Amino acid sequence: MSTFSRYVLKSFLWQFMLLLIGFTALLQLFDLLNNSAEILQDHLGDISAVGEYALLRLPEIASFLVPFAVLMGALITLGKMERNNEIMAYKAAGAPYFTVLWAFLPAVGVVAVLHLFLADQLVPVSIQTLIASDLSTERNKSKNDSKNDPLFVQEGKLVVEAGAVGQDGAVLSHLRIYERDEAGKVTKQIFADDAHFDAAKELWHLSNVWTTTVPKGSAAQTEHVDKLDWPSRLTPAEFSDLVEKPQAMTLGKIYGFISSTQVGVRPTYFYETWLQKRIALPVSSILMILLAAPVAHSLHRRERGLAAGMTVGFGLGFLYFLTDGIVLSLGESGAVPPFFAAWLPILLFAAIGGAWLIKQEGY
């Protein structure tokens with residue numbers, strides 16, 4: 001690594017860490033102001049619950065802010081180098097401007113790898129711990145209370161429908177079990193108001209159960225019992241996974257829903273979109289360098305201060321996140337292919353930044 005690359009590495013990482021810590025602290029403060037009262041109410045005024053919530057929310061907040069911190073860090077670093085005529089001296093030695101951007105790649109590469117590890121490993125663990133500790137303020141992370149939006153799971157010839165899932169999948173309400181024959185026709189239906197999982201016996205206890213048997217060539221028969229044990233290979237984990245949001249899943253779990261090794265409650269294209277999004281995540285950090293470079297270069301030529309560059313950087317970052325959110329929503333709904341939903345914002349802003357830089361350099 002050259003002397004200039006080491007200098008850029010040190011300067012950029014210092015700015016990046018300061019910005020990431022500052023932005024994360026600010027966003028977490030807003031998050032605590034919005035949710036601390038609810039947490040204290042749910043935990044009978046225990047202040048330690050707020051501290052635990054803040055600690056567990058750190059990975060998700062930091063992961064969200066990494067690309068923005070990269071953009072602002074690169075913009076400040078390049079702006080200072082332009083102001084101190086360091087880039088001019090570097091170019092006077094015969095080096096083109098794009099080699100300055102190459103010097104950022106080792107630093108941004110390290111950030112991109114850490115960002116992927118943070119989003120794919122630490123964030124899912126923190127979200128699951130929040131749910132397990134009953135600290136999640138978004139109830140739909142851990143259960144589905146809507147009777148009009150049931151969940152379906154297939155186990156062999158059985159099709160299981162759960163109207164609502166609670167307690168991390170250990171309690172099911174409005175349970176329906178359909179048993180089918182080899183031809184796919186329903187031969188038995190079991191309707192139960194509630195189902196509770198017994199971890200010791202590894203079976204489900206059903207209450208207020210109506211069983212309808214459809215014998216071949218004869219009339220259907222219905223029986224009612226107050227209690228019924230249902231042995232099944234399905235555990236609370238399967239039902240909990242169905243209502244889990246994509247941010248709480250690792251790449252392996254998302255791929256499992258796509259390859260049908262696991263059963264998801266959403267269409268396949270939803271999980272394909274998030275798989276592509278997770279893969280594209282590190283590339284978004286590299287993209288921010290391409291956006292910051294022409295901004296810093298143009299501000300120097302127009303003799304504007306660093307504050308103007310920060311303003312333009314904020315605008316670019318906001319526009320990128322807005323575009324990314326809109327296109328991601330279109331991908332989740334199936335309106336656009338998953339690949340474009342994940343990569344279109346990156347390709348679009350890379351083209352904008354590249355064209356802007358080429359125009360300034362006169363290539």
# chains A, B, ... in the order shown; residues from 1 in each chain; ligands from 1
>>> residues_around(residues="Asp324 (chain A)", least_positions_apart="4", cutoff="9 Å", atoms="only C-alpha atoms", output="CSV table (one decimal) with all heavy atoms, in the first residue's frame")
chain,number,residue,atom,x,y,z
A,319,LEU,N,-31.8,11.5,-1.1
A,319,LEU,CA,-32.4,11.1,-2.3
A,319,LEU,C,-32.1,9.6,-2.6
A,319,LEU,O,-33.0,8.9,-3.1
A,319,LEU,CB,-31.8,11.9,-3.5
A,319,LEU,CG,-32.4,11.8,-4.9
A,319,LEU,CD1,-33.9,12.1,-4.8
A,319,LEU,CD2,-31.7,12.7,-5.9
A,320,TYR,N,-30.9,9.1,-2.3
A,320,TYR,CA,-30.5,7.7,-2.5
A,320,TYR,C,-31.4,6.8,-1.6
A,320,TYR,O,-32.0,5.8,-2.1
A,320,TYR,CB,-29.1,7.5,-2.2
A,320,TYR,CG,-28.7,6.0,-2.2
A,320,TYR,CD1,-28.5,5.3,-3.4
A,320,TYR,CD2,-28.6,5.3,-1.0
A,320,TYR,CE1,-28.2,4.0,-3.4
A,320,TYR,CE2,-28.3,3.9,-1.1
A,320,TYR,CZ,-28.1,3.3,-2.2
A,320,TYR,OH,-27.8,2.0,-2.3
A,328,LEU,N,-37.4,-0.8,-3.4
A,328,LEU,CA,-37.4,-2.0,-2.6
A,328,LEU,C,-38.9,-2.4,-2.3
A,328,LEU,O,-39.3,-3.6,-2.3
A,328,LEU,CB,-36.7,-1.8,-1.2
A,328,LEU,CG,-36.7,-3.0,-0.3
A,328,LEU,CD1,-35.9,-4.2,-0.9
A,328,LEU,CD2,-36.0,-2.6,1.0
A,329,SER,N,-39.7,-1.4,-2.0
A,329,SER,CA,-41.2,-1.7,-1.8
A,329,SER,C,-41.8,-2.2,-3.1
A,329,SER,O,-42.7,-3.2,-3.0
A,329,SER,CB,-41.9,-0.4,-1.4
A,329,SER,OG,-41.4,0.1,-0.2
A,341,ALA,N,-34.9,-4.4,-8.2
A,341,ALA,CA,-35.3,-3.8,-6.9
A,341,ALA,C,-34.1,-3.6,-6.0
A,341,ALA,O,-34.1,-2.6,-5.2
A,341,ALA,CB,-36.3,-4.7,-6.2
A,342,ALA,N,-33.1,-4.5,-6.0
A,342,ALA,CA,-32.0,-4.3,-5.2
A,342,ALA,C,-30.8,-3.5,-5.8
A,342,ALA,O,-30.2,-2.7,-5.1
A,342,ALA,CB,-31.4,-5.7,-4.8
A,343,TRP,N,-30.7,-3.6,-7.1
A,343,TRP,CA,-29.5,-3.0,-7.8
A,343,TRP,C,-29.8,-1.8,-8.5
A,343,TRP,O,-28.8,-1.0,-8.9
A,343,TRP,CB,-28.9,-4.1,-8.7
A,343,TRP,CG,-28.3,-5.2,-8.0
A,343,TRP,CD1,-28.9,-6.4,-7.7
A,343,TRP,CD2,-27.0,-5.3,-7.5
A,343,TRP,NE1,-28.0,-7.3,-7.0
A,343,TRP,CE2,-26.8,-6.6,-6.9
A,343,TRP,CE3,-25.9,-4.4,-7.4
A,343,TRP,CZ2,-25.7,-7.0,-6.2
A,343,TRP,CZ3,-24.7,-4.8,-6.8
A,343,TRP,CH2,-24.6,-6.1,-6.2
A,344,LEU,N,-31.1,-1.5,-8.9
A,344,LEU,CA,-31.4,-0.3,-9.7
A,344,LEU,C,-30.9,1.0,-9.0
A,344,LEU,O,-30.3,1.8,-9.7
A,344,LEU,CB,-32.9,-0.2,-10.0
A,344,LEU,CG,-33.3,0.9,-10.9
A,344,LEU,CD1,-32.6,0.8,-12.2
A,344,LEU,CD2,-34.8,0.9,-11.1
A,345,PRO,N,-31.2,1.2,-7.7
A,345,PRO,CA,-30.7,2.5,-7.1
A,345,PRO,C,-29.1,2.6,-7.2
A,345,PRO,O,-28.6,3.7,-7.4
A,345,PRO,CB,-31.1,2.4,-5.7
A,345,PRO,CG,-32.3,1.5,-5.7
A,345,PRO,CD,-32.0,0.5,-6.8
A,346,ILE,N,-28.4,1.5,-7.0
A,346,ILE,CA,-27.0,1.5,-7.0
A,346,ILE,C,-26.5,1.9,-8.4
A,346,ILE,O,-25.6,2.7,-8.6
A,346,ILE,CB,-26.4,0.2,-6.5
A,346,ILE,CG1,-26.7,0.0,-5.1
A,346,ILE,CG2,-24.9,0.1,-6.8
A,346,ILE,CD1,-26.2,-1.3,-4.5
>>> residues_around(residues="Val70 (chain A)", least_positions_apart="4", cutoff="7 Å", atoms="only C-alpha atoms", output="PyMOL selection string")
chain A and resi 16+66+74+285+288
>>> closest_residue(among="A:Leu251, A:Val165, A:Leu13, A:Leu287", to="Val110 (chain A)", atoms="only C-alpha atoms")
A:Leu13
>>> atom_distance(atom1="CA of Ala93 (chain A)", atom2="CA of Gly79 (chain A)")
19.6 Å
>>> residues_around(residues="region 225-230 of chain A", least_positions_apart="3", cutoff="7 Å", atoms="only C-alpha atoms", output="MDAnalysis selection string")
chainID A and resid 203:210
>>> write_last_selection(atoms="N, CA, C and O atoms", output="short mmCIF file (atom, residue, chain, number, x, y, z; two decimals), in the first residue's frame")
data_model
loop_
_atom_site.label_atom_id
_atom_site.label_comp_id
_atom_site.auth_asym_id
_atom_site.auth_seq_id
_atom_site.Cartn_x
_atom_site.Cartn_y
_atom_site.Cartn_z
N LEU A 203 -45.15 -31.82 21.92
CA LEU A 203 -46.41 -31.93 21.19
C LEU A 203 -47.26 -30.69 21.51
O LEU A 203 -46.94 -29.90 22.39
N TRP A 204 -48.37 -30.58 20.75
CA TRP A 204 -49.26 -29.43 20.91
C TRP A 204 -50.52 -29.86 21.65
O TRP A 204 -51.08 -30.93 21.38
N HIS A 205 -50.99 -29.03 22.58
CA HIS A 205 -52.25 -29.24 23.28
C HIS A 205 -53.31 -28.34 22.64
O HIS A 205 -53.20 -27.11 22.69
N LEU A 206 -54.32 -28.98 22.04
CA LEU A 206 -55.40 -28.24 21.39
C LEU A 206 -56.60 -28.15 22.33
O LEU A 206 -56.89 -29.09 23.08
N SER A 207 -57.31 -27.03 22.26
CA SER A 207 -58.50 -26.84 23.10
C SER A 207 -59.71 -26.52 22.23
O SER A 207 -59.58 -25.86 21.20
N ASN A 208 -60.89 -26.99 22.71
CA ASN A 208 -62.16 -26.80 22.00
C ASN A 208 -62.01 -27.25 20.54
O ASN A 208 -62.08 -26.46 19.61
N VAL A 209 -61.88 -28.56 20.39
CA VAL A 209 -61.51 -29.14 19.10
C VAL A 209 -62.71 -29.77 18.41
O VAL A 209 -63.47 -30.55 19.02
N TRP A 210 -62.90 -29.44 17.15
CA TRP A 210 -63.91 -30.06 16.29
C TRP A 210 -63.18 -30.83 15.19
O TRP A 210 -62.39 -30.26 14.45
#
>>> residues_around(residues="Glu179 (chain A)", least_positions_apart="4", cutoff="7 Å", atoms="only C-alpha atoms", output="list of chain:residue names")
A:Lys157, A:Leu158, A:Val159, A:Val186, A:Thr187, A:Lys188, A:Gln189
>>> closest_residue(among="A:Pro67, A:Gly169, A:Pro338, A:Pro294", to="Phe321 (chain A)", atoms="only C-alpha atoms")
A:Pro67
>>> residues_around(residues="Met249 (chain A)", least_positions_apart="3", cutoff="10 Å", atoms="only C-alpha atoms", output="list of chain:residue names")
A:Ala119, A:Asp120, A:Gln121, A:Val123, A:Pro124, A:Val125, A:Ile127, A:Gln128, A:Asp241, A:Glu244, A:Lys245, A:Pro246, A:Gly252, A:Lys253, A:Ile254, A:Tyr255, A:Trp274, A:Leu275
>>> write_last_selection(atoms="C-alpha atoms", output="PDB file, in the first residue's frame")
ATOM      1  CA  ALA A 119     -26.409  -6.616   8.901  1.00  0.00           C
ATOM      2  CA  ASP A 120     -26.309 -10.380   8.352  1.00  0.00           C
ATOM      3  CA  GLN A 121     -25.144 -11.630  11.756  1.00  0.00           C
ATOM      4  CA  VAL A 123     -28.718  -7.378  13.523  1.00  0.00           C
ATOM      5  CA  PRO A 124     -30.744 -10.654  13.347  1.00  0.00           C
ATOM      6  CA  VAL A 125     -29.410 -11.703  16.756  1.00  0.00           C
ATOM      7  CA  ILE A 127     -33.770  -8.300  16.896  1.00  0.00           C
ATOM      8  CA  GLN A 128     -34.445 -11.850  18.094  1.00  0.00           C
ATOM      9  CA  ASP A 241     -40.084 -17.627  11.374  1.00  0.00           C
ATOM     10  CA  GLU A 244     -40.218 -12.697  11.126  1.00  0.00           C
ATOM     11  CA  LYS A 245     -39.234  -9.584   9.209  1.00  0.00           C
ATOM     12  CA  PRO A 246     -36.404  -9.882   6.649  1.00  0.00           C
ATOM     13  CA  GLY A 252     -28.946 -18.594   4.889  1.00  0.00           C
ATOM     14  CA  LYS A 253     -32.477 -18.305   6.234  1.00  0.00           C
ATOM     15  CA  ILE A 254     -33.619 -16.028   3.401  1.00  0.00           C
ATOM     16  CA  TYR A 255     -32.173 -18.467   0.870  1.00  0.00           C
ATOM     17  CA  TRP A 274     -34.269  -9.254   0.168  1.00  0.00           C
ATOM     18  CA  LEU A 275     -31.601 -11.773  -0.824  1.00  0.00           C
TER      19      LEU A 275
END
>>> residues_around(residues="Tyr178 (chain A)", least_positions_apart="4", cutoff="12 Å", atoms="only C-alpha atoms", output="list in words")
Phe152, Val153, Gln154, Glu155, Gly156, Lys157, Leu158, Val159, Val160, Glu161, Ala162, Gly184, Lys185, Val186, Thr187, Lys188, Gln189, Ile190, Phe191, Ala192, Thr211, Thr212, Thr213 and Val214 of chain A
>>> write_last_selection(atoms="C-alpha atoms", output="mmCIF file, in the first residue's frame")
data_model
loop_
_atom_site.group_PDB
_atom_site.id
_atom_site.type_symbol
_atom_site.label_atom_id
_atom_site.label_comp_id
_atom_site.auth_asym_id
_atom_site.auth_seq_id
_atom_site.Cartn_x
_atom_site.Cartn_y
_atom_site.Cartn_z
ATOM 1 C CA PHE A 152 -50.083 -21.583 6.287
ATOM 2 C CA VAL A 153 -47.505 -24.334 6.868
ATOM 3 C CA GLN A 154 -47.257 -27.679 5.113
ATOM 4 C CA GLU A 155 -46.071 -30.804 6.949
ATOM 5 C CA GLY A 156 -46.141 -33.836 4.706
ATOM 6 C CA LYS A 157 -49.781 -34.413 3.743
ATOM 7 C CA LEU A 158 -50.994 -31.931 6.358
ATOM 8 C CA VAL A 159 -51.745 -28.267 5.705
ATOM 9 C CA VAL A 160 -51.789 -26.203 8.899
ATOM 10 C CA GLU A 161 -53.480 -22.814 9.105
ATOM 11 C CA ALA A 162 -52.914 -20.491 12.080
ATOM 12 C CA GLY A 184 -54.681 -34.181 -2.564
ATOM 13 C CA LYS A 185 -58.296 -34.459 -1.375
ATOM 14 C CA VAL A 186 -59.078 -33.461 2.205
ATOM 15 C CA THR A 187 -59.947 -36.505 4.321
ATOM 16 C CA LYS A 188 -59.952 -34.917 7.791
ATOM 17 C CA GLN A 189 -60.301 -31.430 9.206
ATOM 18 C CA ILE A 190 -59.374 -30.391 12.747
ATOM 19 C CA PHE A 191 -60.544 -27.011 14.018
ATOM 20 C CA ALA A 192 -59.234 -25.743 17.378
ATOM 21 C CA THR A 211 -62.805 -32.981 14.110
ATOM 22 C CA THR A 212 -64.516 -33.684 10.794
ATOM 23 C CA THR A 213 -63.694 -36.963 9.035
ATOM 24 C CA VAL A 214 -64.639 -37.465 5.408
#
>>> atom_distance(atom1="CA of Leu114 (chain A)", atom2="CA of Ser259 (chain A)")
26.8 Å
>>> residues_around(residues="Ser11 (chain A)", least_positions_apart="4", cutoff="9 Å", atoms="only C-alpha atoms", output="list of chain:residue names")
A:Arg6, A:Tyr7, A:Gln15, A:Phe16, A:Gly73, A:Thr77
